[in-house]
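Let me begin by presenting the structure, written as structure tokens, before commenting on it.
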Amino acid sequence: MVTLISLSEMIDAAITAEDAARRVYLGFVRKFSSLPEVSNFWQTMADDESDHARILSSLYVHVVEADKHAPIDARMAEKARSLGNVDAAALLNSVKNLDDAYRVAYDIESSEVNTVFNFLTIRFLTQDESYDIISATIDRHLLRLAEFSRKFGGVEECCRVTASP
């Protein structure tokens with residue numbers, strides 16, 4: 001049985017997940033600090049996560065007080081609850097090379113983090129605002145990740161790029 005959560009709890013969970021993703025990407029910045037182009041790539045991803053958290057924080061002003069404490073849809077509650085499972089330290093410890101980092105990033109970006117972000121922005125912002133935010137943040141963010149292999153090479157090349165401990 002799914003335990004319902006309030007809208008405020010969902011927003012808080014989404015912000016926490018964005019912060020965890022940011023910490024992972026900042027860890028990648030350190031792990032690949034000897035390669036400025038790679039390190040800069042991860043810094044940009046971390047900056048995107050900061051933007052996502054800031055956008056989610058700003059949603060509170062768009063939500064009427066009564067709605068903040070209202071339970072949300074059970075399916076979305078489950079998605080939001082799964083956001084708390086992002087263990088940044090464990091993810092960073094699992095990365096031994098650039099390909100590992102890419103796989104972790106891909107898993108983060110294809111997780112419920114973006115589903116919940118999109119749901120919240122679409123639900124509480126105007127259509128134009130949510131479209132602009134999603135296309136300016138999520139789409140650009142995912143495009144960066146999609147261009148990763150073109151920029152840094154395929155699996156074999158990335159496996160040869162060792163991460164610092």
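Residues in the structure tokens are numbered from 1 in each chain, the chains being A, B, ... in the order shown, and ligands are numbered from 1 in the order shown.
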
### Contact residues around segment 29-36 of chain A with only C-alpha atoms at 12 Å, ignoring same-chain residues under 5 positions, as a PyMOL selection string
chain A and resi 22-24+41-47+92-101+152+158+161-165

Could you save those same residues with N, CA and C atoms as a tab-separated table (two decimals), in the first residue's frame?
chain	number	residue	atom	x	y	z
A	22	ARG	N	23.21	17.03	-7.95
A	22	ARG	CA	24.26	18.06	-8.01
A	22	ARG	C	25.52	17.59	-7.29
A	23	ARG	N	25.36	16.98	-6.12
A	23	ARG	CA	26.53	16.49	-5.38
A	23	ARG	C	27.26	15.39	-6.15
A	24	VAL	N	26.51	14.54	-6.84
A	24	VAL	CA	27.15	13.51	-7.66
A	24	VAL	C	27.97	14.17	-8.75
A	41	PHE	N	32.41	19.77	-18.15
A	41	PHE	CA	31.15	19.14	-18.52
A	41	PHE	C	30.34	18.81	-17.26
A	42	TRP	N	31.00	18.17	-16.29
A	42	TRP	CA	30.29	17.77	-15.06
A	42	TRP	C	29.88	19.00	-14.25
A	43	GLN	N	30.69	20.07	-14.28
A	43	GLN	CA	30.32	21.29	-13.57
A	43	GLN	C	29.04	21.87	-14.17
A	44	THR	N	28.93	21.84	-15.49
A	44	THR	CA	27.73	22.33	-16.15
A	44	THR	C	26.52	21.50	-15.75
A	45	MET	N	26.69	20.19	-15.67
A	45	MET	CA	25.59	19.34	-15.23
A	45	MET	C	25.19	19.68	-13.79
A	46	ALA	N	26.18	19.93	-12.93
A	46	ALA	CA	25.90	20.30	-11.54
A	46	ALA	C	25.16	21.64	-11.48
A	47	ASP	N	25.60	22.58	-12.31
A	47	ASP	CA	24.94	23.89	-12.35
A	47	ASP	C	23.48	23.74	-12.79
A	92	LEU	N	29.15	7.87	-6.18
A	92	LEU	CA	30.52	8.35	-6.43
A	92	LEU	C	31.54	7.25	-6.21
A	93	ASN	N	31.35	6.45	-5.17
A	93	ASN	CA	32.29	5.36	-4.89
A	93	ASN	C	32.26	4.28	-5.96
A	94	SER	N	31.16	4.18	-6.69
A	94	SER	CA	31.05	3.14	-7.73
A	94	SER	C	31.76	3.53	-9.03
A	95	VAL	N	32.18	4.78	-9.15
A	95	VAL	CA	32.76	5.29	-10.40
A	95	VAL	C	34.27	5.09	-10.42
A	96	LYS	N	34.72	4.29	-11.36
A	96	LYS	CA	36.15	4.02	-11.53
A	96	LYS	C	36.71	4.64	-12.81
A	97	ASN	N	35.81	4.97	-13.75
A	97	ASN	CA	36.26	5.56	-15.01
A	97	ASN	C	35.14	6.44	-15.57
A	98	LEU	N	35.42	7.09	-16.68
A	98	LEU	CA	34.48	8.02	-17.28
A	98	LEU	C	33.21	7.33	-17.76
A	99	ASP	N	33.32	6.11	-18.22
A	99	ASP	CA	32.12	5.39	-18.64
A	99	ASP	C	31.21	5.12	-17.44
A	100	ASP	N	31.78	4.76	-16.30
A	100	ASP	CA	30.97	4.58	-15.09
A	100	ASP	C	30.22	5.88	-14.75
A	101	ALA	N	30.92	7.00	-14.85
A	101	ALA	CA	30.30	8.30	-14.55
A	101	ALA	C	29.14	8.57	-15.50
A	152	PHE	N	33.38	12.92	-25.83
A	152	PHE	CA	34.42	12.26	-25.06
A	152	PHE	C	34.76	10.85	-25.54
A	158	CYS	N	36.07	5.81	-23.05
A	158	CYS	CA	35.70	6.32	-21.72
A	158	CYS	C	36.14	5.37	-20.60
A	161	VAL	N	39.57	6.20	-19.39
A	161	VAL	CA	39.77	7.45	-18.65
A	161	VAL	C	39.46	7.16	-17.18
A	162	THR	N	40.52	7.01	-16.41
A	162	THR	CA	40.39	6.62	-15.00
A	162	THR	C	39.98	7.80	-14.13
A	163	ALA	N	39.10	7.51	-13.19
A	163	ALA	CA	38.66	8.52	-12.23
A	163	ALA	C	39.61	8.55	-11.04
A	164	SER	N	39.83	9.74	-10.49
A	164	SER	CA	40.59	9.85	-9.25
A	164	SER	C	39.73	9.32	-8.10
A	165	PRO	N	40.36	8.82	-7.06
A	165	PRO	CA	39.57	8.30	-5.92
A	165	PRO	C	38.80	9.41	-5.21

Helix (DSSP H, G or I) residues, from DSSP on the backbone, in segment 15-157 of chain A, as an mmCIF file with N, CA and C atoms, in the first residue's frame:
data_model
loop_
_atom_site.group_PDB
_atom_site.id
_atom_site.type_symbol
_atom_site.label_atom_id
_atom_site.label_comp_id
_atom_site.auth_asym_id
_atom_site.auth_seq_id
_atom_site.Cartn_x
_atom_site.Cartn_y
_atom_site.Cartn_z
ATOM 1 N N ILE A 15 13.419 18.630 -4.501
ATOM 2 C CA ILE A 15 14.574 19.514 -4.270
ATOM 3 C C ILE A 15 15.743 18.703 -3.714
ATOM 4 N N THR A 16 15.458 17.806 -2.779
ATOM 5 C CA THR A 16 16.500 16.950 -2.206
ATOM 6 C C THR A 16 17.154 16.096 -3.286
ATOM 7 N N ALA A 17 16.356 15.567 -4.192
ATOM 8 C CA ALA A 17 16.900 14.737 -5.276
ATOM 9 C C ALA A 17 17.772 15.555 -6.222
ATOM 10 N N GLU A 18 17.337 16.765 -6.540
ATOM 11 C CA GLU A 18 18.147 17.634 -7.403
ATOM 12 C C GLU A 18 19.475 17.958 -6.716
ATOM 13 N N ASP A 19 19.422 18.198 -5.406
ATOM 14 C CA ASP A 19 20.650 18.472 -4.654
ATOM 15 C C ASP A 19 21.577 17.251 -4.637
ATOM 16 N N ALA A 20 21.005 16.068 -4.504
ATOM 17 C CA ALA A 20 21.824 14.846 -4.524
ATOM 18 C C ALA A 20 22.480 14.666 -5.890
ATOM 19 N N ALA A 21 21.729 14.901 -6.951
ATOM 20 C CA ALA A 21 22.299 14.801 -8.301
ATOM 21 C C ALA A 21 23.424 15.824 -8.470
ATOM 22 N N ARG A 22 23.210 17.029 -7.946
ATOM 23 C CA ARG A 22 24.257 18.061 -8.013
ATOM 24 C C ARG A 22 25.516 17.593 -7.289
ATOM 25 N N ARG A 23 25.362 16.979 -6.123
ATOM 26 C CA ARG A 23 26.528 16.488 -5.376
ATOM 27 C C ARG A 23 27.263 15.393 -6.149
ATOM 28 N N VAL A 24 26.514 14.541 -6.837
ATOM 29 C CA VAL A 24 27.150 13.507 -7.663
ATOM 30 C C VAL A 24 27.975 14.168 -8.753
ATOM 31 N N TYR A 25 27.393 15.120 -9.463
ATOM 32 C CA TYR A 25 28.116 15.771 -10.551
ATOM 33 C C TYR A 25 29.318 16.561 -10.040
ATOM 34 N N LEU A 26 29.191 17.183 -8.869
ATOM 35 C CA LEU A 26 30.344 17.873 -8.290
ATOM 36 C C LEU A 26 31.433 16.871 -7.908
ATOM 37 N N GLY A 27 31.027 15.676 -7.485
ATOM 38 C CA GLY A 27 32.001 14.617 -7.227
ATOM 39 C C GLY A 27 32.726 14.222 -8.500
ATOM 40 N N PHE A 28 32.001 14.206 -9.618
ATOM 41 C CA PHE A 28 32.635 13.900 -10.907
ATOM 42 C C PHE A 28 33.610 15.003 -11.303
ATOM 43 N N VAL A 29 33.283 16.245 -10.970
ATOM 44 C CA VAL A 29 34.201 17.356 -11.247
ATOM 45 C C VAL A 29 35.541 17.060 -10.579
ATOM 46 N N ARG A 30 35.499 16.630 -9.318
ATOM 47 C CA ARG A 30 36.733 16.316 -8.586
ATOM 48 C C ARG A 30 37.412 15.065 -9.148
ATOM 49 N N LYS A 31 36.619 14.035 -9.460
ATOM 50 C CA LYS A 31 37.203 12.784 -9.949
ATOM 51 C C LYS A 31 37.915 12.952 -11.296
ATOM 52 N N PRO A 36 40.335 19.100 -17.847
ATOM 53 C CA PRO A 36 39.478 20.291 -17.758
ATOM 54 C C PRO A 36 38.183 20.210 -18.564
ATOM 55 N N GLU A 37 38.224 19.677 -19.775
ATOM 56 C CA GLU A 37 37.006 19.622 -20.586
ATOM 57 C C GLU A 37 35.971 18.698 -19.955
ATOM 58 N N VAL A 38 36.430 17.566 -19.428
ATOM 59 C CA VAL A 38 35.522 16.619 -18.767
ATOM 60 C C VAL A 38 35.003 17.227 -17.461
ATOM 61 N N SER A 39 35.890 17.807 -16.693
ATOM 62 C CA SER A 39 35.515 18.441 -15.433
ATOM 63 C C SER A 39 34.501 19.563 -15.675
ATOM 64 N N ASN A 40 34.719 20.362 -16.689
ATOM 65 C CA ASN A 40 33.779 21.441 -17.026
ATOM 66 C C ASN A 40 32.413 20.898 -17.429
ATOM 67 N N PHE A 41 32.411 19.774 -18.146
ATOM 68 C CA PHE A 41 31.146 19.136 -18.517
ATOM 69 C C PHE A 41 30.340 18.808 -17.263
ATOM 70 N N TRP A 42 30.998 18.166 -16.288
ATOM 71 C CA TRP A 42 30.289 17.771 -15.056
ATOM 72 C C TRP A 42 29.883 19.000 -14.250
ATOM 73 N N GLN A 43 30.693 20.065 -14.280
ATOM 74 C CA GLN A 43 30.319 21.291 -13.571
ATOM 75 C C GLN A 43 29.043 21.870 -14.173
ATOM 76 N N THR A 44 28.932 21.840 -15.491
ATOM 77 C CA THR A 44 27.734 22.334 -16.154
ATOM 78 C C THR A 44 26.518 21.505 -15.751
ATOM 79 N N MET A 45 26.693 20.194 -15.673
ATOM 80 C CA MET A 45 25.589 19.337 -15.234
ATOM 81 C C MET A 45 25.194 19.681 -13.792
ATOM 82 N N ALA A 46 26.179 19.925 -12.931
ATOM 83 C CA ALA A 46 25.902 20.296 -11.536
ATOM 84 C C ALA A 46 25.164 21.641 -11.483
ATOM 85 N N ASP A 47 25.599 22.583 -12.311
ATOM 86 C CA ASP A 47 24.936 23.886 -12.355
ATOM 87 C C ASP A 47 23.477 23.740 -12.788
ATOM 88 N N ASP A 48 23.225 22.857 -13.745
ATOM 89 C CA ASP A 48 21.843 22.598 -14.172
ATOM 90 C C ASP A 48 21.003 22.096 -13.000
ATOM 91 N N GLU A 49 21.573 21.206 -12.200
ATOM 92 C CA GLU A 49 20.828 20.670 -11.056
ATOM 93 C C GLU A 49 20.529 21.773 -10.041
ATOM 94 N N SER A 50 21.455 22.698 -9.864
ATOM 95 C CA SER A 50 21.199 23.844 -8.985
ATOM 96 C C SER A 50 20.034 24.670 -9.507
ATOM 97 N N ASP A 51 20.000 24.872 -10.823
ATOM 98 C CA ASP A 51 18.877 25.599 -11.441
ATOM 99 C C ASP A 51 17.565 24.864 -11.196
ATOM 100 N N HIS A 52 17.581 23.548 -11.352
ATOM 101 C CA HIS A 52 16.360 22.763 -11.141
ATOM 102 C C HIS A 52 15.864 22.932 -9.700
ATOM 103 N N ALA A 53 16.771 22.853 -8.734
ATOM 104 C CA ALA A 53 16.390 23.001 -7.321
ATOM 105 C C ALA A 53 15.836 24.405 -7.063
ATOM 106 N N ARG A 54 16.458 25.410 -7.649
ATOM 107 C CA ARG A 54 15.974 26.794 -7.487
ATOM 108 C C ARG A 54 14.574 26.944 -8.068
ATOM 109 N N ILE A 55 14.334 26.371 -9.236
ATOM 110 C CA ILE A 55 13.009 26.439 -9.862
ATOM 111 C C ILE A 55 11.976 25.756 -8.973
ATOM 112 N N LEU A 56 12.323 24.583 -8.453
ATOM 113 C CA LEU A 56 11.388 23.877 -7.583
ATOM 114 C C LEU A 56 11.099 24.673 -6.314
ATOM 115 N N SER A 57 12.113 25.304 -5.754
ATOM 116 C CA SER A 57 11.915 26.136 -4.556
ATOM 117 C C SER A 57 10.961 27.293 -4.843
ATOM 118 N N SER A 58 11.048 27.837 -6.034
ATOM 119 C CA SER A 58 10.191 28.972 -6.391
ATOM 120 C C SER A 58 8.735 28.561 -6.594
ATOM 121 N N LEU A 59 8.467 27.269 -6.735
ATOM 122 C CA LEU A 59 7.089 26.813 -6.944
ATOM 123 C C LEU A 59 6.191 27.088 -5.754
ATOM 124 N N TYR A 60 6.770 27.142 -4.560
ATOM 125 C CA TYR A 60 5.962 27.350 -3.359
ATOM 126 C C TYR A 60 5.079 28.589 -3.461
ATOM 127 N N VAL A 61 5.550 29.647 -4.121
ATOM 128 C CA VAL A 61 4.745 30.867 -4.230
ATOM 129 C C VAL A 61 3.553 30.682 -5.160
ATOM 130 N N HIS A 62 3.580 29.646 -5.989
ATOM 131 C CA HIS A 62 2.484 29.388 -6.923
ATOM 132 C C HIS A 62 1.434 28.439 -6.354
ATOM 133 N N GLU A 65 -1.940 27.903 0.010
ATOM 134 C CA GLU A 65 -1.600 27.280 1.295
ATOM 135 C C GLU A 65 -2.351 25.966 1.519
ATOM 136 N N ALA A 66 -3.621 25.925 1.207
ATOM 137 C CA ALA A 66 -4.411 24.704 1.438
ATOM 138 C C ALA A 66 -3.879 23.536 0.608
ATOM 139 N N ASP A 67 -3.417 23.829 -0.604
ATOM 140 C CA ASP A 67 -2.910 22.766 -1.477
ATOM 141 C C ASP A 67 -1.567 22.203 -1.008
ATOM 142 N N LYS A 68 -0.793 23.000 -0.274
ATOM 143 C CA LYS A 68 0.521 22.553 0.177
ATOM 144 C C LYS A 68 0.426 21.319 1.070
ATOM 145 N N ALA A 74 -1.381 8.918 -5.593
ATOM 146 C CA ALA A 74 -0.568 7.817 -5.053
ATOM 147 C C ALA A 74 0.612 7.469 -5.953
ATOM 148 N N ARG A 75 0.398 7.476 -7.264
ATOM 149 C CA ARG A 75 1.506 7.151 -8.181
ATOM 150 C C ARG A 75 2.604 8.193 -8.104
ATOM 151 N N MET A 76 2.215 9.471 -8.027
ATOM 152 C CA MET A 76 3.223 10.523 -7.920
ATOM 153 C C MET A 76 3.884 10.495 -6.547
ATOM 154 N N ALA A 77 3.130 10.104 -5.525
ATOM 155 C CA ALA A 77 3.720 9.980 -4.181
ATOM 156 C C ALA A 77 4.821 8.925 -4.196
ATOM 157 N N GLU A 78 4.568 7.827 -4.876
ATOM 158 C CA GLU A 78 5.574 6.756 -4.966
ATOM 159 C C GLU A 78 6.798 7.224 -5.739
ATOM 160 N N LYS A 79 6.586 7.957 -6.817
ATOM 161 C CA LYS A 79 7.716 8.494 -7.586
ATOM 162 C C LYS A 79 8.528 9.455 -6.719
ATOM 163 N N ALA A 80 7.835 10.327 -6.001
ATOM 164 C CA ALA A 80 8.533 11.289 -5.142
ATOM 165 C C ALA A 80 9.293 10.573 -4.034
ATOM 166 N N ARG A 81 8.698 9.556 -3.475
ATOM 167 C CA ARG A 81 9.355 8.812 -2.397
ATOM 168 C C ARG A 81 10.640 8.147 -2.912
ATOM 169 N N SER A 82 10.621 7.686 -4.145
ATOM 170 C CA SER A 82 11.804 7.036 -4.709
ATOM 171 C C SER A 82 12.962 8.025 -4.870
ATOM 172 N N LEU A 83 12.660 9.314 -4.903
ATOM 173 C CA LEU A 83 13.711 10.318 -5.043
ATOM 174 C C LEU A 83 14.660 10.307 -3.849
ATOM 175 N N ALA A 88 24.281 9.724 -3.033
ATOM 176 C CA ALA A 88 25.377 10.350 -3.779
ATOM 177 C C ALA A 88 26.722 9.709 -3.469
ATOM 178 N N ALA A 89 26.988 9.428 -2.198
ATOM 179 C CA ALA A 89 28.286 8.852 -1.817
ATOM 180 C C ALA A 89 28.489 7.480 -2.450
ATOM 181 N N ALA A 90 27.465 6.645 -2.404
ATOM 182 C CA ALA A 90 27.578 5.301 -2.993
ATOM 183 C C ALA A 90 27.778 5.396 -4.502
ATOM 184 N N LEU A 91 27.055 6.301 -5.145
ATOM 185 C CA LEU A 91 27.216 6.464 -6.589
ATOM 186 C C LEU A 91 28.632 6.912 -6.926
ATOM 187 N N LEU A 92 29.154 7.867 -6.179
ATOM 188 C CA LEU A 92 30.520 8.346 -6.434
ATOM 189 C C LEU A 92 31.541 7.246 -6.215
ATOM 190 N N ASN A 93 31.352 6.451 -5.172
ATOM 191 C CA ASN A 93 32.290 5.358 -4.891
ATOM 192 C C ASN A 93 32.261 4.277 -5.964
ATOM 193 N N LEU A 98 35.424 7.085 -16.681
ATOM 194 C CA LEU A 98 34.479 8.024 -17.281
ATOM 195 C C LEU A 98 33.206 7.330 -17.760
ATOM 196 N N ASP A 99 33.322 6.107 -18.217
ATOM 197 C CA ASP A 99 32.123 5.386 -18.641
ATOM 198 C C ASP A 99 31.208 5.123 -17.443
ATOM 199 N N ASP A 100 31.777 4.764 -16.301
ATOM 200 C CA ASP A 100 30.966 4.584 -15.089
ATOM 201 C C ASP A 100 30.224 5.876 -14.754
ATOM 202 N N ALA A 101 30.920 7.005 -14.848
ATOM 203 C CA ALA A 101 30.305 8.303 -14.549
ATOM 204 C C ALA A 101 29.144 8.574 -15.498
ATOM 205 N N TYR A 102 29.356 8.287 -16.778
ATOM 206 C CA TYR A 102 28.284 8.483 -17.752
ATOM 207 C C TYR A 102 27.076 7.619 -17.404
ATOM 208 N N ARG A 103 27.311 6.374 -17.059
ATOM 209 C CA ARG A 103 26.205 5.468 -16.733
ATOM 210 C C ARG A 103 25.436 5.944 -15.503
ATOM 211 N N VAL A 104 26.148 6.426 -14.506
ATOM 212 C CA VAL A 104 25.483 6.964 -13.312
ATOM 213 C C VAL A 104 24.639 8.182 -13.707
ATOM 214 N N ALA A 105 25.215 9.074 -14.504
ATOM 215 C CA ALA A 105 24.486 10.263 -14.937
ATOM 216 C C ALA A 105 23.249 9.870 -15.741
ATOM 217 N N TYR A 106 23.396 8.905 -16.625
ATOM 218 C CA TYR A 106 22.262 8.455 -17.424
ATOM 219 C C TYR A 106 21.163 7.903 -16.521
ATOM 220 N N ASP A 107 21.536 7.125 -15.526
ATOM 221 C CA ASP A 107 20.550 6.568 -14.593
ATOM 222 C C ASP A 107 19.832 7.670 -13.821
ATOM 223 N N ILE A 108 20.586 8.656 -13.383
ATOM 224 C CA ILE A 108 19.969 9.776 -12.664
ATOM 225 C C ILE A 108 18.989 10.510 -13.569
ATOM 226 N N GLU A 109 19.430 10.812 -14.780
ATOM 227 C CA GLU A 109 18.603 11.609 -15.681
ATOM 228 C C GLU A 109 17.397 10.853 -16.225
ATOM 229 N N GLU A 112 13.134 9.023 -11.761
ATOM 230 C CA GLU A 112 11.932 9.775 -11.434
ATOM 231 C C GLU A 112 12.218 11.246 -11.175
ATOM 232 N N VAL A 113 13.482 11.620 -11.052
ATOM 233 C CA VAL A 113 13.824 13.016 -10.766
ATOM 234 C C VAL A 113 13.191 13.938 -11.805
ATOM 235 N N ASN A 114 13.380 13.643 -13.080
ATOM 236 C CA ASN A 114 12.834 14.503 -14.130
ATOM 237 C C ASN A 114 11.322 14.369 -14.256
ATOM 238 N N THR A 115 10.780 13.190 -14.005
ATOM 239 C CA THR A 115 9.332 13.002 -14.050
ATOM 240 C C THR A 115 8.650 13.906 -13.038
ATOM 241 N N VAL A 116 9.153 13.912 -11.815
ATOM 242 C CA VAL A 116 8.559 14.740 -10.762
ATOM 243 C C VAL A 116 8.773 16.219 -11.057
ATOM 244 N N PHE A 117 9.968 16.589 -11.517
ATOM 245 C CA PHE A 117 10.248 17.987 -11.873
ATOM 246 C C PHE A 117 9.244 18.464 -12.923
ATOM 247 N N ASN A 118 9.072 17.675 -13.983
ATOM 248 C CA ASN A 118 8.142 18.052 -15.045
ATOM 249 C C ASN A 118 6.713 18.157 -14.523
ATOM 250 N N PHE A 119 6.282 17.188 -13.721
ATOM 251 C CA PHE A 119 4.935 17.201 -13.156
ATOM 252 C C PHE A 119 4.705 18.493 -12.371
ATOM 253 N N LEU A 120 5.642 18.843 -11.516
ATOM 254 C CA LEU A 120 5.473 20.017 -10.658
ATOM 255 C C LEU A 120 5.469 21.306 -11.473
ATOM 256 N N THR A 121 6.358 21.432 -12.437
ATOM 257 C CA THR A 121 6.384 22.672 -13.217
ATOM 258 C C THR A 121 5.144 22.793 -14.095
ATOM 259 N N ILE A 122 4.707 21.694 -14.671
ATOM 260 C CA ILE A 122 3.501 21.733 -15.511
ATOM 261 C C ILE A 122 2.263 22.024 -14.669
ATOM 262 N N ARG A 123 2.212 21.455 -13.489
ATOM 263 C CA ARG A 123 1.034 21.602 -12.619
ATOM 264 C C ARG A 123 0.899 23.004 -12.029
ATOM 265 N N PHE A 124 1.998 23.667 -11.696
ATOM 266 C CA PHE A 124 1.906 24.903 -10.929
ATOM 267 C C PHE A 124 2.375 26.158 -11.647
ATOM 268 N N GLN A 127 1.297 27.532 -18.707
ATOM 269 C CA GLN A 127 1.759 26.685 -19.804
ATOM 270 C C GLN A 127 3.026 27.245 -20.433
ATOM 271 N N ASP A 128 3.060 28.556 -20.651
ATOM 272 C CA ASP A 128 4.246 29.170 -21.251
ATOM 273 C C ASP A 128 5.459 29.046 -20.335
ATOM 274 N N GLU A 129 5.268 29.302 -19.034
ATOM 275 C CA GLU A 129 6.378 29.194 -18.087
ATOM 276 C C GLU A 129 6.915 27.769 -18.018
ATOM 277 N N SER A 130 6.009 26.804 -17.911
ATOM 278 C CA SER A 130 6.468 25.413 -17.796
ATOM 279 C C SER A 130 7.145 24.957 -19.078
ATOM 280 N N TYR A 131 6.622 25.347 -20.227
ATOM 281 C CA TYR A 131 7.255 24.985 -21.494
ATOM 282 C C TYR A 131 8.660 25.582 -21.572
ATOM 283 N N ASP A 132 8.767 26.866 -21.222
ATOM 284 C CA ASP A 132 10.073 27.531 -21.273
ATOM 285 C C ASP A 132 11.065 26.867 -20.324
ATOM 286 N N ILE A 133 10.621 26.544 -19.116
ATOM 287 C CA ILE A 133 11.516 25.931 -18.129
ATOM 288 C C ILE A 133 11.938 24.540 -18.568
ATOM 289 N N ILE A 134 10.984 23.741 -19.005
ATOM 290 C CA ILE A 134 11.312 22.373 -19.408
ATOM 291 C C ILE A 134 12.234 22.383 -20.625
ATOM 292 N N SER A 135 11.935 23.223 -21.610
ATOM 293 C CA SER A 135 12.793 23.243 -22.798
ATOM 294 C C SER A 135 14.141 23.892 -22.511
ATOM 295 N N ALA A 136 14.187 24.837 -21.587
ATOM 296 C CA ALA A 136 15.450 25.517 -21.288
ATOM 297 C C ALA A 136 16.308 24.750 -20.293
ATOM 298 N N THR A 137 15.712 23.889 -19.493
ATOM 299 C CA THR A 137 16.505 23.194 -18.477
ATOM 300 C C THR A 137 16.618 21.714 -18.764
ATOM 301 N N ILE A 138 15.518 21.018 -18.756
ATOM 302 C CA ILE A 138 15.563 19.561 -18.906
ATOM 303 C C ILE A 138 16.034 19.176 -20.301
ATOM 304 N N ASP A 139 15.441 19.762 -21.333
ATOM 305 C CA ASP A 139 15.831 19.390 -22.699
ATOM 306 C C ASP A 139 17.310 19.674 -22.942
ATOM 307 N N ARG A 140 17.774 20.850 -22.537
ATOM 308 C CA ARG A 140 19.186 21.208 -22.723
ATOM 309 C C ARG A 140 20.095 20.283 -21.920
ATOM 310 N N HIS A 141 19.659 19.971 -20.718
ATOM 311 C CA HIS A 141 20.415 19.101 -19.818
ATOM 312 C C HIS A 141 20.553 17.692 -20.430
ATOM 313 N N LEU A 142 19.456 17.157 -20.923
ATOM 314 C CA LEU A 142 19.496 15.829 -21.535
ATOM 315 C C LEU A 142 20.280 15.831 -22.845
ATOM 316 N N LEU A 143 20.207 16.920 -23.586
ATOM 317 C CA LEU A 143 20.985 17.018 -24.826
ATOM 318 C C LEU A 143 22.479 16.976 -24.540
ATOM 319 N N ARG A 144 22.899 17.633 -23.451
ATOM 320 C CA ARG A 144 24.311 17.569 -23.069
ATOM 321 C C ARG A 144 24.737 16.125 -22.858
ATOM 322 N N LEU A 145 23.927 15.398 -22.132
ATOM 323 C CA LEU A 145 24.247 14.001 -21.852
ATOM 324 C C LEU A 145 24.217 13.176 -23.142
ATOM 325 N N ALA A 146 23.292 13.477 -24.031
ATOM 326 C CA ALA A 146 23.206 12.757 -25.298
ATOM 327 C C ALA A 146 24.444 12.992 -26.170
ATOM 328 N N PHE A 148 27.427 13.363 -25.054
ATOM 329 C CA PHE A 148 28.580 12.934 -24.271
ATOM 330 C C PHE A 148 29.563 12.100 -25.095
ATOM 331 N N SER A 149 29.078 11.040 -25.744
ATOM 332 C CA SER A 149 29.994 10.144 -26.464
ATOM 333 C C SER A 149 30.616 10.832 -27.676
ATOM 334 N N ARG A 150 29.907 11.742 -28.273
ATOM 335 C CA ARG A 150 30.477 12.485 -29.397
ATOM 336 C C ARG A 150 31.628 13.365 -28.903
ATOM 337 N N LYS A 151 31.471 13.879 -27.707
ATOM 338 C CA LYS A 151 32.462 14.786 -27.151
ATOM 339 C C LYS A 151 33.651 14.049 -26.530
ATOM 340 N N PHE A 152 33.376 12.924 -25.830
ATOM 341 C CA PHE A 152 34.425 12.257 -25.062
ATOM 342 C C PHE A 152 34.759 10.848 -25.535
ATOM 343 N N VAL A 155 32.344 3.914 -25.474
ATOM 344 C CA VAL A 155 32.508 3.142 -24.241
ATOM 345 C C VAL A 155 33.969 2.776 -24.007
ATOM 346 N N GLU A 156 34.615 2.239 -25.021
ATOM 347 C CA GLU A 156 36.006 1.792 -24.841
ATOM 348 C C GLU A 156 36.923 2.947 -24.458
ATOM 349 N N GLU A 157 36.767 4.073 -25.141
ATOM 350 C CA GLU A 157 37.611 5.236 -24.821
ATOM 351 C C GLU A 157 37.331 5.746 -23.407
#

### Query
When you draw a straight line from atom CA of Glu9 of chain A to atom CA of Ala70 of chain A, how long is it in Å?
9.9 Å

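The space between atom CA of Thr126 of chain A and atom CA of Asp73 of chain A spans 20.5 Å.
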